[in-house]
Amino acid sequence: MSHLKRQGRQAGGSGLSVRACGPEDLATLVPIYAHYVTSSTATFEEEPPALSDWQGRLAEVRALGLPFLVAELDGGVVGYAYANRWKARSAYRYTVEDSVYVGPGVQGRGIGTALLRALLEGCATAGIREVIAVVGGDDPAASLALHRGCGFRPAGRLLRVGFKHGRWLDTRLLQCSLATPGQ
Ligand SMILES: CC(C)(COP(=O)(O)OP(=O)(O)OC[C@H]1O[C@@H](n2cnc3c(N)ncnc32)[C@H](O)[C@@H]1OP(=O)(O)O)[C@@H](O)C(=O)NCCC(=O)NCCS
């Protein structure tokens with residue numbers, strides 16, 4: 001992570017870079033995530049978190065030594081990705097869950113891929129071995145393509161575990177192993 005903290009890294013096409021998220025970026029993340037909370041079933045949150053909630057999330061992720069990244073396109077923050085604990089119980093400490101969100105106007109330009117690749121690199125540097133993606137909702141094509149393209153493999157499907165916008169929703173689990181098999 002140190003190289004990401006020091007300087008943005010060019011990723012994908014010109015004008016796109018990925019760097020560590022700072023507190024000053026959070027106000028830009030609020031509306032990106034709120035869009036998906038209110039208009040989609042990609043997340044099972046139903047109330048958009050406030051800026052203060054985001055400040056807490058960033059502090060929690062940083063305290064765990066895990067990556068929290070933003071993507072900049074032509075100087076503006078257009079997406080983010082972070083890793084957080086998969087489960088709180090201590091034996092799960094080498095396993096995290098990823099979150100990747102890209103602004104609704106800039107999808108399909110490689111931003112999600114740049115974020116997720118950098119996130120996996122940051123997780124490996126932090127000593128994480130397994131990364132879980134929980135792909136929820138009834139329009140999972142982009143998230144499934146993103147994760148498969150970054151090396152995730154299907155790990156199961158939970159049926160009707162969410163209820164949002166008047167319907168029952170499944171989640172698909174995908175897993176990416178960062179550890180060398182046998183170690
Ligand atoms: C999922 C998401 C992060 C992908 O970001 P992105 O910048 O659009 O992704 P990329 O441009 O890097 O493309 C990644 C893959 O997704 C595919 N994709 C992108 N948008 C798509 C869409 N609307 N429908 C189907 N596939 C799509 C791309 O074709 C690409 O697949 P390929 O490598 O097989 O060609 C973005 O769509 C998003 O923020 N969605 C809402 C939130 C969400 O579902 N987040 C994941 C939960 S952790």
# chains A, B, ... in the order shown; residues from 1 in each chain; ligands from 1
>>> select_by_dssp(residues="segment 18-120 of chain A", states="helix (DSSP H, G or I)", output="count of residues only")
43
>>> select_by_dssp(residues="chain A", states="strand (DSSP E or B)", output="NGL selection string")
:A and (9-10 or 16-20 or 68-73 or 76-85 or 95-102 or 130-136 or 153-164 or 167-177)
>>> residues_around(residues="Phe152 of chain A", least_positions_apart="5", cutoff="7 Å", atoms="only C-alpha atoms", output="PyMOL selection string")
chain A and resi 147+174-176
>>> closest_residue(among="A:Cys123, A:Tyr101, A:Gly22, A:Ala118", to="Leu66 of chain A", atoms="only C-alpha atoms")
A:Cys123
>>> residues_around(residues="Cys21 of chain A", least_positions_apart="4", cutoff="7 Å", atoms="only C-alpha atoms", output="ChimeraX atom specification")
/A:25,68-70
>>> write_last_selection(atoms="N, CA and C atoms", output="mmCIF file, in the first residue's frame")
data_model
loop_
_atom_site.group_PDB
_atom_site.id
_atom_site.type_symbol
_atom_site.label_atom_id
_atom_site.label_comp_id
_atom_site.auth_asym_id
_atom_site.auth_seq_id
_atom_site.Cartn_x
_atom_site.Cartn_y
_atom_site.Cartn_z
ATOM 1 N N ASP A 25 -11.816 12.807 0.349
ATOM 2 C CA ASP A 25 -12.504 12.173 -0.790
ATOM 3 C C ASP A 25 -13.913 11.714 -0.434
ATOM 4 N N PHE A 68 -8.182 1.000 1.102
ATOM 5 C CA PHE A 68 -9.388 1.772 0.751
ATOM 6 C C PHE A 68 -8.916 2.731 -0.336
ATOM 7 N N LEU A 69 -9.368 2.513 -1.540
ATOM 8 C CA LEU A 69 -8.826 3.191 -2.719
ATOM 9 C C LEU A 69 -9.891 4.004 -3.428
ATOM 10 N N VAL A 70 -9.444 5.032 -4.126
ATOM 11 C CA VAL A 70 -10.346 5.744 -5.038
ATOM 12 C C VAL A 70 -9.734 5.747 -6.426
#
>>> residues_around(residues="His35 of chain A", least_positions_apart="5", cutoff="9 Å", atoms="only C-alpha atoms", output="PDB file with C-alpha atoms, in the first residue's frame")
ATOM      1  CA  VAL A  30     -21.451   9.607  -0.548  1.00  0.00           C
ATOM      2  CA  SER A  40     -30.571  -0.777  -7.285  1.00  0.00           C
ATOM      3  CA  PRO A  48     -27.766   5.854   2.146  1.00  0.00           C
ATOM      4  CA  GLY A 103     -20.131   6.284 -10.633  1.00  0.00           C
ATOM      5  CA  PRO A 104     -23.192   5.557 -12.791  1.00  0.00           C
TER       6      PRO A 104
END
>>> residues_near_ligand(ligand="ligand 1", cutoff="10 Å", atoms="only C-alpha atoms and all ligand atoms", output="count of residues only")
56
>>> closest_residue(among="A:Ala124, A:Pro49, A:Arg157, A:Lys164", to="Ser177 of chain A", atoms="only C-alpha atoms")
A:Ala124
>>> residues_around(residues="Ile128 of chain A", least_positions_apart="2", cutoff="12 Å", atoms="only C-alpha atoms", output="number ranges by chain")
A: 64-67, 83-86, 92-98, 119-126, 130-132, 176-180
